[in-house]
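So this one's model.csv, CSV, C-alpha atoms:
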chain,number,residue,atom,x,y,z
A,1,MET,CA,0.0,0.0,0.0
A,2,GLN,CA,1.3,3.4,-0.9
A,3,ILE,CA,-0.3,6.7,0.3
A,4,ARG,CA,-0.2,9.1,-2.6
A,5,ALA,CA,-1.2,12.8,-2.4
A,6,ARG,CA,-2.2,14.3,-5.6
A,7,MET,CA,-2.8,18.1,-5.8
A,8,SER,CA,-3.2,20.6,-8.5
A,9,MET,CA,-1.5,24.0,-8.2
A,10,SER,CA,-1.2,27.2,-10.2
A,11,ALA,CA,2.1,28.0,-11.8
A,12,ASP,CA,2.7,30.5,-9.0
A,13,GLY,CA,2.3,27.9,-6.3
A,14,PHE,CA,-1.3,28.1,-5.0
A,15,VAL,CA,-3.4,25.0,-4.4
A,16,THR,CA,-6.6,27.0,-4.1
A,17,THR,CA,-8.0,29.9,-6.0
A,18,PRO,CA,-8.2,33.3,-4.2
A,19,THR,CA,-11.8,32.4,-3.3
A,20,GLY,CA,-10.8,29.0,-1.8
A,21,TRP,CA,-11.8,26.5,-4.5
A,22,PRO,CA,-9.3,23.8,-5.5
A,23,SER,CA,-7.0,25.2,-8.2
A,24,LEU,CA,-8.0,22.5,-10.7
A,25,THR,CA,-11.5,23.9,-10.8
A,26,ALA,CA,-10.3,27.1,-12.4
A,27,ASP,CA,-8.7,25.4,-15.4
A,28,PRO,CA,-10.9,25.6,-18.5
A,29,ALA,CA,-9.7,22.0,-19.4
A,30,PHE,CA,-11.0,20.6,-16.1
A,31,VAL,CA,-13.7,17.9,-16.3
A,32,SER,CA,-14.6,16.4,-12.9
A,33,GLY,CA,-13.5,12.8,-12.5
A,34,GLU,CA,-12.0,12.7,-16.1
A,35,SER,CA,-9.4,15.2,-16.9
A,36,HIS,CA,-5.8,15.9,-15.8
A,37,GLY,CA,-4.8,12.2,-15.4
A,38,ILE,CA,-7.2,11.4,-12.5
A,39,ARG,CA,-8.6,8.2,-14.0
A,40,GLU,CA,-5.1,6.7,-14.5
A,41,PHE,CA,-4.2,7.8,-10.9
A,42,LEU,CA,-7.3,6.2,-9.4
A,43,LYS,CA,-6.9,2.8,-11.2
A,44,GLY,CA,-4.5,1.6,-8.4
A,45,CYS,CA,-6.4,3.2,-5.5
A,46,GLU,CA,-8.8,1.4,-3.2
A,47,ALA,CA,-9.2,4.1,-0.6
A,48,ALA,CA,-9.5,7.8,-0.1
A,49,LEU,CA,-8.1,9.5,3.0
A,50,MET,CA,-9.0,13.1,3.7
A,51,GLY,CA,-9.6,15.7,6.4
A,52,ARG,CA,-13.1,16.7,7.5
A,53,THR,CA,-13.0,20.1,5.6
A,54,THR,CA,-12.5,18.3,2.3
A,55,PHE,CA,-15.0,15.6,3.2
A,56,GLU,CA,-18.0,17.7,4.4
A,57,PRO,CA,-18.9,19.2,1.0
A,58,ALA,CA,-19.4,15.7,-0.4
A,59,LEU,CA,-22.3,15.2,2.0
A,60,THR,CA,-24.4,17.6,-0.1
A,61,ASN,CA,-23.2,16.5,-3.5
A,62,GLU,CA,-25.8,15.0,-5.9
A,63,ARG,CA,-23.4,12.1,-6.5
A,64,TRP,CA,-21.0,10.4,-4.1
A,65,PRO,CA,-17.5,11.5,-5.2
A,66,TRP,CA,-15.8,8.2,-4.2
A,67,PRO,CA,-18.2,5.4,-5.3
A,68,ASP,CA,-15.4,2.8,-5.8
A,69,LEU,CA,-13.2,3.7,-2.9
A,70,ASP,CA,-13.2,3.0,0.9
A,71,VAL,CA,-13.3,6.4,2.6
A,72,PHE,CA,-11.4,7.4,5.7
A,73,VAL,CA,-11.8,10.9,7.3
A,74,LEU,CA,-9.6,12.7,9.8
A,75,GLY,CA,-11.8,14.9,11.9
A,76,SER,CA,-12.7,16.0,15.4
A,77,HIS,CA,-16.3,14.6,15.0
A,78,ARG,CA,-18.4,12.5,12.6
A,79,PRO,CA,-20.4,15.0,10.5
A,80,ALA,CA,-24.1,14.5,10.4
A,81,GLY,CA,-25.2,12.5,7.3
A,82,THR,CA,-21.9,10.6,7.0
A,83,PRO,CA,-22.6,7.3,5.4
A,84,ASP,CA,-22.1,4.3,7.7
A,85,HIS,CA,-19.3,2.8,5.6
A,86,VAL,CA,-17.1,5.9,6.1
A,87,VAL,CA,-14.4,5.5,8.8
A,88,THR,CA,-13.7,8.6,10.9
A,89,ASP,CA,-11.3,9.3,13.7
A,90,SER,CA,-9.9,12.3,15.3
A,91,ASP,CA,-6.4,10.8,15.8
A,92,PRO,CA,-4.3,10.6,12.7
A,93,LEU,CA,-2.2,7.6,14.0
A,94,ARG,CA,-5.3,5.6,14.9
A,95,LEU,CA,-6.9,6.5,11.5
A,96,LEU,CA,-3.8,5.3,9.8
A,97,GLU,CA,-3.9,2.0,11.7
A,98,LYS,CA,-7.5,1.5,10.7
A,99,LEU,CA,-6.6,2.3,7.1
A,100,ARG,CA,-3.8,-0.2,7.1
A,101,ALA,CA,-6.0,-2.9,8.7
A,102,ALA,CA,-8.6,-2.5,6.1
A,103,ASN,CA,-6.2,-2.4,3.1
A,104,ARG,CA,-6.4,-5.2,0.5
A,105,GLY,CA,-3.3,-4.3,-1.4
A,106,GLY,CA,-4.3,-1.1,-3.3
A,107,ASP,CA,-3.0,2.4,-2.9
A,108,VAL,CA,-4.6,5.3,-1.0
A,109,HIS,CA,-5.5,8.6,-2.5
A,110,LEU,CA,-4.6,11.2,0.2
A,111,ILE,CA,-7.1,14.0,-0.7
A,112,GLY,CA,-7.0,17.2,1.1
A,113,GLY,CA,-5.4,20.4,2.0
A,114,PRO,CA,-1.9,21.1,3.0
A,115,ARG,CA,-2.6,20.5,6.7
A,116,THR,CA,-3.9,17.0,6.1
A,117,ILE,CA,-1.0,16.2,3.8
A,118,GLY,CA,1.5,17.6,6.3
A,119,THR,CA,-0.1,15.5,9.1
A,120,PHE,CA,0.4,12.2,7.3
A,121,HIS,CA,3.8,13.2,6.0
A,122,THR,CA,4.9,14.0,9.6
A,123,LEU,CA,3.8,10.4,10.5
A,124,GLY,CA,6.1,9.1,7.8
A,125,ALA,CA,3.1,7.7,5.9
A,126,LEU,CA,3.2,9.8,2.7
A,127,ASP,CA,4.9,7.9,-0.1
A,128,THR,CA,4.4,10.2,-3.1
A,129,LEU,CA,3.5,13.8,-3.7
A,130,GLU,CA,2.0,14.2,-7.1
A,131,LEU,CA,1.5,17.7,-8.4
A,132,VAL,CA,-0.5,18.9,-11.4
A,133,VAL,CA,0.9,22.3,-12.3
A,134,LEU,CA,-1.7,24.3,-14.2
A,135,PRO,CA,-0.9,27.0,-16.8
A,136,LEU,CA,-2.6,29.6,-14.6
A,137,LEU,CA,-1.5,32.4,-12.2
A,138,PHE,CA,-3.7,33.2,-9.2
A,139,GLY,CA,-1.6,35.8,-7.3
A,140,SER,CA,-3.1,34.5,-4.0
A,141,GLY,CA,-4.9,31.6,-2.4
A,142,MET,CA,-3.6,28.7,-0.1
A,143,ARG,CA,-0.1,27.4,-0.7
A,144,LEU,CA,1.0,23.8,-0.3
A,145,THR,CA,4.2,24.6,1.5
A,146,PRO,CA,3.1,26.1,4.9
A,147,ALA,CA,2.3,22.6,6.2
A,148,LEU,CA,5.2,20.8,4.6
A,149,SER,CA,8.6,21.5,6.2
A,150,PRO,CA,11.2,22.9,3.9
A,151,ASP,CA,13.4,20.0,5.1
A,152,THR,CA,11.0,17.5,3.3
A,153,GLY,CA,13.1,15.4,1.0
A,154,LEU,CA,11.6,14.9,-2.4
A,155,ALA,CA,13.1,12.6,-5.0
A,156,PHE,CA,11.9,13.1,-8.6
A,157,GLN,CA,10.2,10.0,-10.1
A,158,ARG,CA,8.6,11.2,-13.4
A,159,GLU,CA,6.8,13.9,-15.3
A,160,ARG,CA,4.4,14.1,-18.2
A,161,ALA,CA,2.6,16.8,-20.1
A,162,LEU,CA,-1.2,16.7,-19.9
A,163,PRO,CA,-3.7,18.0,-22.4
A,164,GLY,CA,-4.5,21.7,-21.9
A,165,GLY,CA,-0.9,22.7,-20.9
A,166,ALA,CA,-0.8,21.3,-17.4
A,167,VAL,CA,2.2,19.2,-16.3
A,168,GLU,CA,2.1,16.3,-13.8
A,169,ILE,CA,5.2,15.9,-11.6
A,170,VAL,CA,5.6,12.9,-9.3
A,171,TYR,CA,8.0,12.9,-6.3
A,172,SER,CA,8.8,10.2,-3.8
A,173,CYS,CA,8.7,11.6,-0.3
A,174,ARG,CA,11.4,9.1,0.8
A,175,GLY,CA,14.2,11.3,-0.4
A,176,SER,CA,16.5,13.5,1.8
A,177,ARG,CA,17.5,17.0,1.4
A,178,SER,CA,20.6,18.8,2.5
A,179,ARG,CA,20.6,22.3,4.0
A,180,LEU,CA,19.8,25.1,1.6
A,181,PRO,CA,22.9,27.0,0.5
A,182,GLY,CA,23.5,30.5,1.8
A,183,MET,CA,24.4,31.7,-1.7
A,184,PRO,CA,23.8,30.6,-5.3
A,185,ALA,CA,25.9,27.6,-6.4
A,186,SER,CA,27.5,29.7,-9.1
A,187,GLN,CA,29.0,32.0,-6.4
A,188,ARG,CA,30.5,29.2,-4.2
Turn this file's structure into structure tokens for me.
Amino acid sequence: MQIRARMSMSADGFVTTPTGWPSLTADPAFVSGESHGIREFLKGCEAALMGRTTFEPALTNERWPWPDLDVFVLGSHRPAGTPDHVVTDSDPLRLLEKLRAANRGGDVHLIGGPRTIGTFHTLGALDTLELVVLPLLFGSGMRLTPALSPDTGLAFQRERALPGGAVEIVYSCRGSRSRLPGMPASQR
């Protein structure tokens, strides 16, 4: 089982629009559940893991966003209307144990904001960070980096161009990183 975070971001580094929507929703090429390589990504996934803030809007959707996935939600309480099959827990370590116990060999799609991704990365559970960089500039919004330490070691795995001008970049989170230099490499 691998826990794989997949996020879209603007070319200037924002994972949400200035109004708080996921950056992907601003791309004219976006088609929910179909575009930007999501179908290929989900083929190997059996579960979705997310925070309550990401999960709650699904409760009022016309269609359930994760029909073929087991759903695990990190949150301080079980939101009203949560389907019985959804596993919730307020403790990330306990939720991770429940996720591992239920796993049948497939991967886990870690959906969520930077805080949820940072939480599972801190536990050493995040295997890959997959970014879809969109050909858009937002100027403001939420950044991915406040929750991930600058010491996070990323090791490049692959990239590919997507229709509409976006680029998918996949990093392993099992890398290591040395200290940032005090001056540009060309001046050392």
Provide an axis-aligned box for all listed atoms of region 12-31 of chain A, padding each side by 3 Å; report its centre and its edge lengths in Å to one decimal, as JSON.
{"center_x": -5.5, "center_y": 25.6, "center_z": -10.6, "size_x": 22.4, "size_y": 21.4, "size_z": 23.6}
(message) To one decimal place in Å, what is the distance between CA of Thr128 (chain A) and CA of Val31 (chain A)?
(response)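 That distance, rounded to one decimal, is 23.7 Å.
Proximity to Glu46 (chain A) was assessed for A:Met7, A:Ala102, A:Leu74, A:Ala58 counting only C-alpha atoms; the smallest distance is recorded for A:Ala102.
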(message) Counting all atoms listed in the file, which residue out of A:Val71, A:Leu134, A:Leu123, A:Ala26 sits closest to Ser10 (chain A)?
(response)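 Looking at the shortest contact to Ser10 (chain A), the residue is A:Leu134.
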(message) Which residues are near Val167 (chain A)? Cut-off 9 Å, all atoms listed in the file, ignore same chain within fewer than 3 positions. Put them as a ChimeraX atom specification.
(response) /A:36,131-135,159-163
Would you save the residues of that selection, restricted to C-alpha atoms, as a PDB file, in the coordinates of the input?
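Once written, out_38.pdb looks like this:
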ATOM      1  CA  HIS A  36      -5.800  15.900 -15.800  1.00  0.00           C
ATOM      2  CA  LEU A 131       1.500  17.700  -8.400  1.00  0.00           C
ATOM      3  CA  VAL A 132      -0.500  18.900 -11.400  1.00  0.00           C
ATOM      4  CA  VAL A 133       0.900  22.300 -12.300  1.00  0.00           C
ATOM      5  CA  LEU A 134      -1.700  24.300 -14.200  1.00  0.00           C
ATOM      6  CA  PRO A 135      -0.900  27.000 -16.800  1.00  0.00           C
ATOM      7  CA  GLU A 159       6.800  13.900 -15.300  1.00  0.00           C
ATOM      8  CA  ARG A 160       4.400  14.100 -18.200  1.00  0.00           C
ATOM      9  CA  ALA A 161       2.600  16.800 -20.100  1.00  0.00           C
ATOM     10  CA  LEU A 162      -1.200  16.700 -19.900  1.00  0.00           C
ATOM     11  CA  PRO A 163      -3.700  18.000 -22.400  1.00  0.00           C
TER      12      PRO A 163
END
(message) Calculated over all atoms listed in the file, which of the candidates A:Arg158, A:Arg104, A:Arg174, A:Arg115 has the smallest distance to Met1 (chain A)?
(response) A:Arg104
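Selecting by distance to (-10.5, 8.2, 12.7) with a limit of 10 Å and using only C-alpha atoms, one obtains A:Gly51, A:Phe72, A:Val73, A:Leu74, A:Gly75, A:Ser76, A:His77, A:Arg78, A:Val86, A:Val87, A:Thr88, A:Asp89, A:Ser90, A:Asp91, A:Pro92, A:Leu93, A:Arg94, A:Leu95, A:Leu96, A:Glu97, A:Lys98, A:Leu99.
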(request) Find, counting all atoms listed in the file, the residue in A:Ala48, A:Pro57, A:Arg6, A:Pro65 that gets nearest to Gly33 (chain A). (result)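 Of A:Ala48, A:Pro57, A:Arg6, A:Pro65, the one nearest Gly33 (chain A) is A:Pro65, counting all atoms listed in the file.
Counting only C-alpha atoms, the residue from A:Gly105, A:Glu40, A:Arg100, A:Ile169 that sits nearest to Ser8 (chain A) is A:Ile169.
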(message) Using all atoms listed in the file, can you tell me which of A:Leu59, A:Ala11, A:Leu69, A:Leu144 comes closest to Thr116 (chain A)?
(response)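 The shortest atom-to-atom distance to Thr116 (chain A) comes from A:Leu144.
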Surrounding residues of Leu137 (chain A) excluding itself and chain neighbours under 5 positions, 12 Å, only C-alpha atoms, as a short mmCIF file (atom, residue, chain, number, x, y, z; two decimals) with C-alpha atoms, keeping the file's coordinate frame:
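The result, written out as around-v2.cif:
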data_model
loop_
_atom_site.label_atom_id
_atom_site.label_comp_id
_atom_site.auth_asym_id
_atom_site.auth_seq_id
_atom_site.Cartn_x
_atom_site.Cartn_y
_atom_site.Cartn_z
CA MET A 9 -1.50 24.00 -8.20
CA SER A 10 -1.20 27.20 -10.20
CA ALA A 11 2.10 28.00 -11.80
CA ASP A 12 2.70 30.50 -9.00
CA GLY A 13 2.30 27.90 -6.30
CA PHE A 14 -1.30 28.10 -5.00
CA VAL A 15 -3.40 25.00 -4.40
CA THR A 16 -6.60 27.00 -4.10
CA THR A 17 -8.00 29.90 -6.00
CA PRO A 18 -8.20 33.30 -4.20
CA SER A 23 -7.00 25.20 -8.20
CA LEU A 24 -8.00 22.50 -10.70
CA ALA A 26 -10.30 27.10 -12.40
CA ASP A 27 -8.70 25.40 -15.40
#
